[in-house]
file final_13.cif (mmCIF, C-alpha atoms)
data_data
#
loop_
_atom_site.group_PDB
_atom_site.id
_atom_site.type_symbol
_atom_site.label_atom_id
_atom_site.label_comp_id
_atom_site.auth_asym_id
_atom_site.auth_seq_id
_atom_site.Cartn_x
_atom_site.Cartn_y
_atom_site.Cartn_z
ATOM 1 C CA MET O 272 6.553 -7.968 -25.503
ATOM 2 C CA LYS O 273 5.370 -4.419 -24.932
ATOM 3 C CA LYS O 274 2.584 -5.628 -22.665
ATOM 4 C CA ARG O 275 4.992 -7.814 -20.687
ATOM 5 C CA ALA O 276 7.419 -4.927 -20.275
ATOM 6 C CA LEU O 277 4.671 -2.631 -18.989
ATOM 7 C CA THR O 278 3.411 -5.375 -16.658
ATOM 8 C CA ILE O 279 6.888 -5.902 -15.204
ATOM 9 C CA LEU O 280 7.328 -2.164 -14.698
ATOM 10 C CA ILE O 281 3.995 -1.844 -12.921
ATOM 11 C CA LEU O 282 4.499 -4.922 -10.759
ATOM 12 C CA CYS O 283 7.962 -3.756 -9.791
ATOM 13 C CA ALA O 284 6.561 -0.471 -8.588
ATOM 14 C CA CYS O 285 3.760 -2.321 -6.802
ATOM 15 C CA LEU O 286 6.300 -4.459 -4.985
ATOM 16 C CA LEU O 287 8.040 -1.327 -3.750
ATOM 17 C CA LEU O 288 4.842 -0.245 -2.060
ATOM 18 C CA ALA O 289 3.834 -3.662 -0.765
ATOM 19 C CA ALA O 290 6.747 -3.927 1.638
ATOM 20 C CA CYS O 291 5.706 -1.024 3.826
ATOM 21 C CA GLY O 292 1.977 -0.395 3.603
ATOM 22 C CA THR O 293 0.714 2.582 5.562
ATOM 23 C CA LYS O 294 1.377 1.666 9.213
ATOM 24 C CA ASN O 295 3.821 4.442 9.985
ATOM 25 C CA ALA O 296 4.123 7.454 7.710
ATOM 26 C CA PRO O 297 7.592 8.527 6.592
ATOM 27 C CA PRO O 298 9.173 11.622 8.066
ATOM 28 C CA SER O 299 7.288 14.705 6.925
ATOM 29 C CA ILE O 300 8.987 16.640 4.158
ATOM 30 C CA ASP O 301 7.781 20.040 3.010
ATOM 31 C CA LEU O 302 9.551 21.137 -0.136
ATOM 32 C CA PRO O 303 8.330 24.357 -1.732
ATOM 33 C CA ARG O 304 9.384 24.559 -5.349
ATOM 34 C CA GLU O 305 12.162 27.081 -4.741
ATOM 35 C CA GLU O 306 13.733 24.968 -1.993
ATOM 36 C CA ALA O 307 13.357 21.781 -4.018
ATOM 37 C CA GLU O 308 15.169 23.335 -6.962
ATOM 38 C CA GLU O 309 17.986 24.516 -4.694
ATOM 39 C CA ASP O 310 18.346 21.021 -3.251
ATOM 40 C CA GLY O 311 18.186 19.486 -6.717
ATOM 41 C CA GLN O 312 15.340 17.132 -5.791
ATOM 42 C CA ASN O 313 12.067 16.981 -7.619
ATOM 43 C CA PRO O 314 9.298 17.084 -4.954
ATOM 44 C CA VAL O 315 7.342 14.578 -7.061
ATOM 45 C CA MET O 316 9.821 11.985 -5.759
ATOM 46 C CA ASN O 317 7.754 11.950 -2.565
ATOM 47 C CA PHE O 318 4.853 10.406 -4.506
ATOM 48 C CA VAL O 319 6.407 8.145 -7.158
ATOM 49 C CA GLY O 320 4.989 4.652 -7.466
ATOM 50 C CA VAL O 321 1.887 2.852 -8.669
ATOM 51 C CA TYR O 322 -1.641 3.613 -7.489
ATOM 52 C CA SER O 323 -4.647 1.422 -8.267
ATOM 53 C CA CYS O 324 -8.438 1.422 -8.166
ATOM 54 C CA GLU O 325 -10.631 -1.336 -9.576
ATOM 55 C CA ARG O 326 -9.224 -2.196 -13.047
ATOM 56 C CA ALA O 327 -7.095 0.940 -13.385
ATOM 57 C CA GLU O 328 -3.498 1.599 -12.363
ATOM 58 C CA ILE O 329 -1.555 4.869 -12.449
ATOM 59 C CA LEU O 330 2.233 4.886 -12.604
ATOM 60 C CA VAL O 331 3.742 8.148 -11.295
ATOM 61 C CA GLU O 332 7.309 9.131 -12.188
ATOM 62 C CA ALA O 333 9.392 12.227 -11.478
ATOM 63 C CA GLN O 334 10.508 14.189 -14.527
ATOM 64 C CA GLY O 335 13.039 17.014 -14.429
ATOM 65 C CA LYS O 336 13.090 19.363 -11.416
ATOM 66 C CA SER O 337 9.381 19.729 -10.737
ATOM 67 C CA ASP O 338 7.385 17.765 -13.313
ATOM 68 C CA ALA O 339 5.490 14.498 -13.017
ATOM 69 C CA ALA O 340 4.823 11.915 -15.713
ATOM 70 C CA PHE O 341 1.742 9.674 -15.501
ATOM 71 C CA THR O 342 0.879 6.423 -17.249
ATOM 72 C CA VAL O 343 -2.694 5.208 -16.749
ATOM 73 C CA SER O 344 -3.450 1.610 -17.717
ATOM 74 C CA TRP O 345 -7.108 0.564 -17.635
ATOM 75 C CA GLY O 346 -8.091 -3.008 -18.407
ATOM 76 C CA GLY O 347 -11.100 -3.393 -20.675
ATOM 77 C CA SER O 348 -11.071 -7.075 -21.605
ATOM 78 C CA TYR O 349 -8.638 -9.976 -21.490
ATOM 79 C CA ASN O 350 -6.699 -8.650 -24.523
ATOM 80 C CA GLU O 351 -7.529 -4.940 -24.604
ATOM 81 C CA ARG O 352 -6.721 -1.982 -22.396
ATOM 82 C CA ALA O 353 -6.753 1.796 -22.568
ATOM 83 C CA VAL O 354 -3.468 3.587 -21.899
ATOM 84 C CA TRP O 355 -3.045 7.316 -21.226
ATOM 85 C CA THR O 356 0.297 9.108 -20.961
ATOM 86 C CA MET O 357 0.563 12.706 -19.780
ATOM 87 C CA SER O 358 2.791 15.058 -17.816
ATOM 88 C CA GLY O 359 2.741 18.397 -16.043
ATOM 89 C CA THR O 360 4.303 20.512 -13.306
ATOM 90 C CA LEU O 361 3.582 19.836 -9.642
ATOM 91 C CA ASP O 362 1.949 22.718 -7.766
ATOM 92 C CA THR O 363 3.534 22.285 -4.324
ATOM 93 C CA GLU O 364 0.797 24.327 -2.644
ATOM 94 C CA THR O 365 -2.100 22.138 -3.797
ATOM 95 C CA LEU O 366 -0.086 18.969 -4.540
ATOM 96 C CA SER O 367 -1.785 18.859 -7.927
ATOM 97 C CA VAL O 368 -0.577 18.436 -11.497
ATOM 98 C CA SER O 369 -2.586 19.932 -14.361
ATOM 99 C CA TYR O 370 -2.020 18.649 -17.885
ATOM 100 C CA ASP O 371 -3.285 19.308 -21.404
ATOM 101 C CA ASN O 372 -1.131 16.820 -23.320
ATOM 102 C CA ALA O 373 -2.700 13.436 -22.593
ATOM 103 C CA VAL O 374 -2.283 10.827 -25.306
ATOM 104 C CA LYS O 375 -4.842 8.033 -25.164
ATOM 105 C CA LYS O 376 -4.388 4.743 -26.971
ATOM 106 C CA ILE O 377 -6.332 1.517 -27.113
ATOM 107 C CA VAL O 378 -3.832 -1.339 -26.903
ATOM 108 C CA THR O 379 -4.835 -4.774 -28.178
ATOM 109 C CA THR O 380 -2.721 -7.891 -27.608
ATOM 110 C CA ASP O 381 -2.959 -10.788 -30.072
ATOM 111 C CA GLU O 382 -2.489 -14.485 -29.303
ATOM 112 C CA ASN O 383 1.275 -14.178 -29.852
ATOM 113 C CA GLY O 384 1.620 -11.452 -27.240
ATOM 114 C CA THR O 385 2.118 -8.676 -29.795
ATOM 115 C CA ASP O 386 0.570 -5.294 -29.011
ATOM 116 C CA THR O 387 -1.216 -3.062 -31.487
ATOM 117 C CA ALA O 388 -1.985 0.492 -30.407
ATOM 118 C CA GLU O 389 -4.702 2.700 -31.871
ATOM 119 C CA GLU O 390 -4.405 6.389 -31.015
ATOM 120 C CA VAL O 391 -7.645 7.992 -29.791
ATOM 121 C CA TYR O 392 -6.533 11.567 -29.030
ATOM 122 C CA THR O 393 -3.444 13.590 -28.132
ATOM 123 C CA ASP O 394 -4.829 16.643 -26.316
ATOM 124 C CA GLY O 395 -6.557 15.270 -23.241
ATOM 125 C CA ARG O 396 -6.894 17.596 -20.254
ATOM 126 C CA GLY O 397 -7.221 17.056 -16.524
ATOM 127 C CA VAL O 398 -5.684 17.190 -13.058
ATOM 128 C CA PHE O 399 -4.028 14.687 -10.748
ATOM 129 C CA THR O 400 -4.097 15.490 -7.021
ATOM 130 C CA PHE O 401 -1.991 13.804 -4.348
ATOM 131 C CA ASN O 402 -3.129 13.410 -0.751
ATOM 132 C CA GLY O 403 -0.067 13.506 1.509
ATOM 133 C CA GLU O 404 -2.081 12.333 4.522
ATOM 134 C CA ASN O 405 -3.146 8.897 3.277
ATOM 135 C CA TRP O 406 -0.862 8.597 0.189
ATOM 136 C CA SER O 407 -3.804 8.442 -2.190
ATOM 137 C CA LEU O 408 -4.255 9.951 -5.651
ATOM 138 C CA THR O 409 -7.309 11.275 -7.475
ATOM 139 C CA TRP O 410 -7.646 11.863 -11.200
ATOM 140 C CA THR O 411 -9.983 14.472 -12.667
ATOM 141 C CA ASP O 412 -10.237 13.574 -16.350
ATOM 142 C CA GLU O 413 -11.725 16.643 -18.041
ATOM 143 C CA THR O 414 -11.901 14.956 -21.462
ATOM 144 C CA GLU O 415 -13.898 11.809 -20.689
ATOM 145 C CA ASN O 416 -14.547 11.974 -16.945
ATOM 146 C CA ALA O 417 -13.094 8.485 -16.824
ATOM 147 C CA ALA O 418 -12.239 8.298 -13.107
ATOM 148 C CA GLU O 419 -15.159 10.148 -11.508
ATOM 149 C CA GLY O 420 -15.467 9.303 -7.810
ATOM 150 C CA MET O 421 -12.429 7.015 -7.815
ATOM 151 C CA VAL O 422 -9.602 7.160 -5.274
ATOM 152 C CA PHE O 423 -6.334 5.477 -6.254
ATOM 153 C CA LEU O 424 -4.357 3.855 -3.442
ATOM 154 C CA PRO O 425 -0.846 2.338 -3.329
ATOM 155 C CA CYS O 426 -0.789 -0.835 -5.387
ATOM 156 C CA TYR O 427 -0.025 -4.276 -3.990
ATOM 157 C CA ALA O 428 1.265 -7.121 -6.169
ATOM 158 C CA THR O 429 0.038 -10.648 -5.488
ATOM 159 C CA GLY O 430 2.262 -13.670 -5.248
ATOM 160 C CA ASP O 431 0.764 -15.192 -8.398
ATOM 161 C CA GLU O 432 1.486 -12.032 -10.384
ATOM 162 C CA LEU O 433 5.075 -11.932 -9.209
ATOM 163 C CA GLN O 434 5.629 -15.513 -10.326
ATOM 164 C CA GLU O 435 4.741 -14.463 -13.843
ATOM 165 C CA THR O 436 7.681 -12.062 -13.948
ATOM 166 C CA ASP O 437 11.406 -12.205 -13.344
ATOM 167 C CA LEU O 438 11.138 -10.086 -10.207
ATOM 168 C CA ASP O 439 11.673 -12.967 -7.795
ATOM 169 C CA ALA O 440 15.114 -13.512 -9.340
ATOM 170 C CA GLY O 441 16.189 -10.181 -7.871
ATOM 171 C CA ASP O 442 16.785 -6.998 -9.816
ATOM 172 C CA PRO O 443 20.289 -5.598 -9.161
ATOM 173 C CA ASP O 444 18.986 -2.113 -10.001
ATOM 174 C CA TYR O 445 16.012 -2.365 -7.651
ATOM 175 C CA TYR O 446 17.203 0.476 -5.401
ATOM 176 C CA LYS O 447 18.613 2.706 -8.114
ATOM 177 C CA GLY O 448 15.958 5.307 -7.313
ATOM 178 C CA VAL O 449 17.260 5.778 -3.775
ATOM 179 C CA SER O 450 20.921 4.684 -3.627
ATOM 180 C CA ALA O 451 23.860 3.664 -5.783
ATOM 181 C CA MET O 452 24.864 1.058 -3.204
ATOM 182 C CA ASP O 453 25.076 -2.568 -4.344
ATOM 183 C CA LYS O 454 21.731 -4.269 -3.715
ATOM 184 C CA ASN O 455 23.161 -7.093 -1.603
ATOM 185 C CA GLN O 456 25.258 -4.702 0.449
ATOM 186 C CA LEU O 457 22.300 -2.414 1.036
ATOM 187 C CA GLU O 458 20.051 -5.259 2.136
ATOM 188 C CA GLN O 459 22.739 -6.690 4.424
ATOM 189 C CA LEU O 460 23.141 -3.308 6.083
ATOM 190 C CA ALA O 461 19.374 -2.967 6.438
ATOM 191 C CA ALA O 462 19.278 -6.456 7.990
ATOM 192 C CA SER O 463 21.879 -5.445 10.579
ATOM 193 C CA ILE O 464 19.821 -2.351 11.455
ATOM 194 C CA ARG O 465 16.703 -4.499 11.725
ATOM 195 C CA LEU O 466 18.492 -6.866 14.133
ATOM 196 C CA ALA O 467 19.790 -3.976 16.267
ATOM 197 C CA TYR O 468 16.232 -2.612 16.519
ATOM 198 C CA LEU O 469 14.853 -6.005 17.586
ATOM 199 C CA GLU O 470 17.625 -6.487 20.150
ATOM 200 C CA GLU O 471 17.331 -2.881 21.357
ATOM 201 C CA ASP O 472 21.007 -2.443 20.595
ATOM 202 C CA TRP O 473 20.878 1.330 20.890
ATOM 203 C CA ASP O 474 24.647 1.665 20.702
ATOM 204 C CA THR O 475 24.748 0.148 17.205
ATOM 205 C CA LEU O 476 21.792 2.231 16.055
ATOM 206 C CA SER O 477 23.333 5.416 17.465
ATOM 207 C CA ARG O 478 26.193 5.104 14.974
ATOM 208 C CA GLN O 479 23.791 4.775 12.027
ATOM 209 C CA ILE O 480 21.604 7.800 12.734
ATOM 210 C CA ARG O 481 21.625 11.033 10.760
ATOM 211 C CA TYR O 482 21.331 13.684 13.453
ATOM 212 C CA PRO O 483 19.335 15.523 14.542
ATOM 213 C CA VAL O 484 16.583 12.909 14.846
ATOM 214 C CA THR O 485 13.237 13.293 16.628
ATOM 215 C CA ILE O 486 11.846 10.429 18.720
ATOM 216 C CA LEU O 487 8.643 10.712 20.765
ATOM 217 C CA GLY O 488 8.679 14.449 20.145
ATOM 218 C CA THR O 489 12.216 14.935 21.483
ATOM 219 C CA GLU O 490 14.936 16.182 19.161
ATOM 220 C CA LEU O 491 18.233 14.378 19.707
ATOM 221 C CA THR O 492 21.303 16.122 18.341
ATOM 222 C CA ASP O 493 24.030 13.477 18.669
ATOM 223 C CA ALA O 494 24.797 9.868 19.674
ATOM 224 C CA ASP O 495 25.276 10.702 23.365
ATOM 225 C CA ALA O 496 21.878 12.387 23.548
ATOM 226 C CA PHE O 497 20.311 9.428 21.750
ATOM 227 C CA LEU O 498 21.830 6.882 24.153
ATOM 228 C CA ARG O 499 20.741 8.844 27.225
ATOM 229 C CA PHE O 500 17.222 9.177 25.858
ATOM 230 C CA MET O 501 16.918 5.487 24.937
ATOM 231 C CA ALA O 502 18.205 4.207 28.300
ATOM 232 C CA ASP O 503 14.653 3.701 29.613
ATOM 233 C CA LYS O 504 12.936 2.992 26.276
ATOM 234 C CA THR O 505 11.790 -0.234 24.657
ATOM 235 C CA VAL O 506 10.192 -1.389 21.392
ATOM 236 C CA THR O 507 6.430 -1.943 21.543
ATOM 237 C CA ASP O 508 5.183 -5.495 21.040
ATOM 238 C CA GLY O 509 3.320 -4.652 17.856
ATOM 239 C CA ASP O 510 6.263 -2.872 16.267
ATOM 240 C CA ARG O 511 8.626 -5.668 17.297
ATOM 241 C CA GLU O 512 6.333 -8.165 15.583
ATOM 242 C CA ALA O 513 6.197 -6.041 12.429
ATOM 243 C CA MET O 514 9.976 -5.710 12.290
ATOM 244 C CA ALA O 515 10.450 -9.425 12.948
ATOM 245 C CA GLU O 516 8.526 -10.118 9.738
ATOM 246 C CA GLU O 517 10.744 -7.806 7.644
ATOM 247 C CA SER O 518 12.820 -9.817 5.153
ATOM 248 C CA CYS O 519 15.026 -6.885 4.086
ATOM 249 C CA ARG O 520 14.481 -7.977 0.502
ATOM 250 C CA ASP O 521 13.081 -5.612 -2.156
ATOM 251 C CA MET O 522 12.056 -3.061 0.455
ATOM 252 C CA PHE O 523 9.704 -0.164 -0.167
ATOM 253 C CA PHE O 524 11.210 3.241 -0.903
ATOM 254 C CA ASN O 525 10.192 6.626 -2.237
ATOM 255 C CA GLY O 526 11.696 10.077 -2.495
ATOM 256 C CA GLN O 527 11.723 10.413 1.275
ATOM 257 C CA GLY O 528 13.817 7.327 1.919
ATOM 258 C CA LEU O 529 13.765 3.570 2.352
ATOM 259 C CA CYS O 530 11.289 1.901 4.688
ATOM 260 C CA LEU O 531 11.859 -1.023 7.052
ATOM 261 C CA ALA O 532 8.785 -3.078 7.962
ATOM 262 C CA GLY O 533 5.768 -0.811 8.530
ATOM 263 C CA GLY O 534 7.830 2.370 8.829
ATOM 264 C CA GLN O 535 9.441 1.591 12.182
ATOM 265 C CA ILE O 536 12.724 2.738 10.636
ATOM 266 C CA TRP O 537 13.326 4.988 7.649
ATOM 267 C CA LEU O 538 16.735 5.112 5.951
ATOM 268 C CA LEU O 539 18.307 7.596 3.578
ATOM 269 C CA ASP O 540 21.450 7.605 1.439
ATOM 270 C CA PRO O 541 22.593 11.238 1.746
ATOM 271 C CA SER O 542 25.280 10.667 -0.884
ATOM 272 C CA TYR O 543 22.795 9.615 -3.570
ATOM 273 C CA MET O 544 23.424 11.329 -6.926
ATOM 274 C CA THR O 545 26.771 12.665 -5.679
ATOM 275 C CA ASP O 546 30.348 11.459 -6.126
ATOM 276 C CA ASN O 547 30.547 10.394 -2.477
ATOM 277 C CA GLU O 548 30.575 6.776 -1.327
ATOM 278 C CA PRO O 549 27.029 5.368 -0.932
ATOM 279 C CA ARG O 550 25.898 4.908 2.674
ATOM 280 C CA LEU O 551 22.681 4.450 4.622
ATOM 281 C CA GLU O 552 21.663 6.536 7.612
ATOM 282 C CA ILE O 553 18.608 6.310 9.869
ATOM 283 C CA ILE O 554 16.402 9.382 9.541
ATOM 284 C CA ALA O 555 13.390 8.233 11.583
ATOM 285 C CA ILE O 556 12.671 5.668 14.311
ATOM 286 C CA SER O 557 9.210 4.848 15.646
ATOM 287 C CA GLY O 558 7.590 2.088 17.679
ATOM 288 C CA ILE O 559 9.406 3.227 20.825
ATOM 289 C CA THR O 560 7.826 3.562 24.272
ATOM 290 C CA GLU O 561 8.773 3.922 27.948
ATOM 291 C CA LYS O 562 9.714 0.682 29.722
#
call {"tool": "encode", "arguments": {"input": "final_13.cif", "output": "structure tokens"}}
result
Amino acid sequence: MKKRALTILILCACLLLAACGTKNAPPSIDLPREEAEEDGQNPVMNFVGVYSCERAEILVEAQGKSDAAFTVSWGGSYNERAVWTMSGTLDTETLSVSYDNAVKKIVTTDENGTDTAEEVYTDGRGVFTFNGENWSLTWTDETENAAEGMVFLPCYATGDELQETDLDAGDPDYYKGVSAMDKNQLEQLAASIRLAYLEEDWDTLSRQIRYPVTILGTELTDADAFLRFMADKTVTDGDREAMAEESCRDMFFNGQGLCLAGGQIWLLDPSYMTDNEPRLEIIAISGITEK
């Protein structure tokens, strides 16, 4: 049961990342620690998710105002894996997290699916470093040098793996890390935004935007400015094709927002973790060009 629970958790996070890939990066966010604490957001939220390399996967979670928690799962054989858990504070200058509290266990699963964990040590040391340019992660393991030369990239779940879980039934709490809005309502709203983008219905999109918004290097401060700017604009063929393939189901999100297709549109719920009514607003639009 423990193994199945961990597998579901990892695959769920993988699915978040699979929807968007790395076509268009999210809007750039620079949150020094002081500013992040004032805003109440942990800057680690910009990097949460699952990263993988070969047989190893790293789950990254935000903890408190500026800390990150890591779970490393490394497959050894069909019924045995090594699992590390550790945490530390994010250095916003270097985007690195140093730790000296890693707990390593060897987890063995018997034929009935029951896990047995043998503790190896509790004082492992090392550093995780995020790369904000290509969304990768490196792990310097100072205790065993386990991940030397490895670069961990966003994880993608396969169809076969998803069939082994209950994910395809739909998790009502799927978006709880980005909005308190009902999952069906959120996805219906995202679908309407997707359709407006495909139909170049700028009027509809103008009412969904969180201003100011920057498009093609031009900052637009309100709906009128947006409509004037978009009067001679169109969606590129490649971006139209990418958006046409968006299902608006179980979409990728991170601490910077929620991603449609390959990043053609990014959404944010500015009322998240407040008492205000949940809502979605467009914070970035790309894939636009002159007619």
call {"tool": "closest_residue", "arguments": {"input": "final_13.cif", "among": "O:Cys519, O:Val391, O:Leu408, O:Val368", "to": "Leu330 in chain O", "atoms": "only C-alpha atoms"}}
result
O:Leu408
call {"tool": "atom_distance", "arguments": {"input": "final_13.cif", "atom1": "CA of Ile464 in chain O", "atom2": "CA of Pro443 in chain O"}}
result
20.9 Å
call {"tool": "resolve_selection", "arguments": {"input": "final_13.cif", "expression": "the PyMOL selection byres ((chain O and resi 347-359) around 8)", "output": "count of residues only"}}
result
26
call {"tool": "resolve_selection", "arguments": {"input": "final_13.cif", "expression": "the PyMOL selection byres ((chain O and resi 542-555) around 7)", "output": "JSON, numbers by chain"}}
result
{"O": [298, 449, 450, 451, 452, 479, 480, 481, 484, 536, 537, 538, 539, 540, 541, 556, 557]}
call {"tool": "atom_distance", "arguments": {"input": "final_13.cif", "atom1": "CA of Ser518 in chain O", "atom2": "CA of Asp453 in chain O"}}
result
17.1 Å
call {"tool": "resolve_selection", "arguments": {"input": "final_13.cif", "expression": "the PyMOL selection byres ((chain O and resi 407) around 12)", "output": "ChimeraX atom specification"}}
result
/O:293,318-324,329,331,366,399-406,408-410,421-426
call {"tool": "closest_residue", "arguments": {"input": "final_13.cif", "among": "O:Asn525, O:Ser463, O:Thr475, O:Thr365", "to": "Asn313 in chain O", "atoms": "all atoms listed in the file"}}
result
O:Asn525
call {"tool": "residues_near_point", "arguments": {"input": "final_13.cif", "point": "(18.6, 15.1, 14.8)", "cutoff": "10 Å", "atoms": "all atoms listed in the file", "output": "MDAnalysis selection string"}}
result
chainID O and resid 480:486 489:494 496:497 554:555
call {"tool": "write_last_selection", "arguments": {"input": "final_13.cif", "atoms": "C-alpha atoms", "output": "short mmCIF file (atom, residue, chain, number, x, y, z; two decimals), in the coordinates of the input"}}
result
data_model
loop_
_atom_site.label_atom_id
_atom_site.label_comp_id
_atom_site.auth_asym_id
_atom_site.auth_seq_id
_atom_site.Cartn_x
_atom_site.Cartn_y
_atom_site.Cartn_z
CA ILE O 480 21.60 7.80 12.73
CA ARG O 481 21.62 11.03 10.76
CA TYR O 482 21.33 13.68 13.45
CA PRO O 483 19.34 15.52 14.54
CA VAL O 484 16.58 12.91 14.85
CA THR O 485 13.24 13.29 16.63
CA ILE O 486 11.85 10.43 18.72
CA THR O 489 12.22 14.94 21.48
CA GLU O 490 14.94 16.18 19.16
CA LEU O 491 18.23 14.38 19.71
CA THR O 492 21.30 16.12 18.34
CA ASP O 493 24.03 13.48 18.67
CA ALA O 494 24.80 9.87 19.67
CA ALA O 496 21.88 12.39 23.55
CA PHE O 497 20.31 9.43 21.75
CA ILE O 554 16.40 9.38 9.54
CA ALA O 555 13.39 8.23 11.58
#
call {"tool": "atom_distance", "arguments": {"input": "final_13.cif", "atom1": "CA of Glu512 in chain O", "atom2": "CA of Ala461 in chain O"}}
result
16.8 Å
call {"tool": "residues_around", "arguments": {"input": "final_13.cif", "residues": "Glu561 in chain O", "least_positions_apart": "3", "cutoff": "12 Å", "atoms": "only C-alpha atoms", "output": "ChimeraX atom specification"}}
result
/O:486-487,500-507,558
call {"tool": "axis_aligned_box", "arguments": {"input": "final_13.cif", "around": "range 327-337 of chain O", "padding_each_side": "3 Å", "output": "JSON"}}
result
{"center_x": 3.0, "center_y": 10.3, "center_z": -12.6, "size_x": 26.2, "size_y": 24.8, "size_z": 9.8}
call {"tool": "residues_around", "arguments": {"input": "final_13.cif", "residues": "Asp510 in chain O", "least_positions_apart": "3", "cutoff": "12 Å", "atoms": "only C-alpha atoms", "output": "PyMOL selection string"}}
result
chain O and resi 294-295+465+468-469+505-507+513-517+531-536+556-560
call {"tool": "write_last_selection", "arguments": {"input": "final_13.cif", "atoms": "C-alpha atoms", "output": "compact mmCIF listing (two decimals), in the coordinates of the input"}}
result
# COMPACT_ATOMS: atom_id res chain seq x y z
CA LYS O 294 1.38 1.67 9.21
CA ASN O 295 3.82 4.44 9.98
CA ARG O 465 16.70 -4.50 11.72
CA TYR O 468 16.23 -2.61 16.52
CA LEU O 469 14.85 -6.00 17.59
CA THR O 505 11.79 -0.23 24.66
CA VAL O 506 10.19 -1.39 21.39
CA THR O 507 6.43 -1.94 21.54
CA ALA O 513 6.20 -6.04 12.43
CA MET O 514 9.98 -5.71 12.29
CA ALA O 515 10.45 -9.43 12.95
CA GLU O 516 8.53 -10.12 9.74
CA GLU O 517 10.74 -7.81 7.64
CA LEU O 531 11.86 -1.02 7.05
CA ALA O 532 8.78 -3.08 7.96
CA GLY O 533 5.77 -0.81 8.53
CA GLY O 534 7.83 2.37 8.83
CA GLN O 535 9.44 1.59 12.18
CA ILE O 536 12.72 2.74 10.64
CA ILE O 556 12.67 5.67 14.31
CA SER O 557 9.21 4.85 15.65
CA GLY O 558 7.59 2.09 17.68
CA ILE O 559 9.41 3.23 20.82
CA THR O 560 7.83 3.56 24.27
call {"tool": "closest_residue", "arguments": {"input": "final_13.cif", "among": "O:Gln459, O:Lys336, O:Asp472, O:Glu325", "to": "Gly420 in chain O", "atoms": "all atoms listed in the file"}}
result
O:Glu325
call {"tool": "closest_residue", "arguments": {"input": "final_13.cif", "among": "O:Gln527, O:Leu498, O:Thr385, O:Gln334", "to": "Ser477 in chain O", "atoms": "all atoms listed in the file"}}
result
O:Leu498
call {"tool": "decode", "arguments": {"input": "final_13.cif", "residues": "range 336-340 of chain O", "atoms": "all heavy atoms", "output": "compact mmCIF listing (two decimals), in the first residue's frame"}}
result
# COMPACT_ATOMS: atom_id res chain seq x y z
N LYS O 336 7.48 29.06 4.49
CA LYS O 336 7.62 30.27 3.69
C LYS O 336 8.76 30.24 2.69
O LYS O 336 8.73 30.93 1.67
CB LYS O 336 7.79 31.49 4.61
CG LYS O 336 6.54 31.87 5.37
CD LYS O 336 6.75 33.16 6.12
CE LYS O 336 5.46 33.62 6.81
NZ LYS O 336 5.65 34.92 7.50
N SER O 337 9.79 29.45 2.96
CA SER O 337 10.95 29.48 2.06
C SER O 337 11.69 28.15 1.98
O SER O 337 12.76 28.08 1.38
CB SER O 337 11.93 30.56 2.51
OG SER O 337 12.35 30.33 3.86
N ASP O 338 11.12 27.09 2.55
CA ASP O 338 11.80 25.80 2.56
C ASP O 338 11.28 24.90 1.45
O ASP O 338 10.17 25.07 0.92
CB ASP O 338 11.62 25.10 3.91
CG ASP O 338 12.45 25.76 5.00
OD1 ASP O 338 13.18 26.71 4.69
OD2 ASP O 338 12.34 25.33 6.17
N ALA O 339 12.09 23.91 1.11
CA ALA O 339 11.73 22.89 0.13
C ALA O 339 11.91 21.52 0.75
O ALA O 339 12.86 21.30 1.51
CB ALA O 339 12.59 23.02 -1.12
N ALA O 340 11.01 20.61 0.44
CA ALA O 340 11.13 19.22 0.88
C ALA O 340 11.34 18.35 -0.35
O ALA O 340 10.68 18.55 -1.38
CB ALA O 340 9.87 18.79 1.63
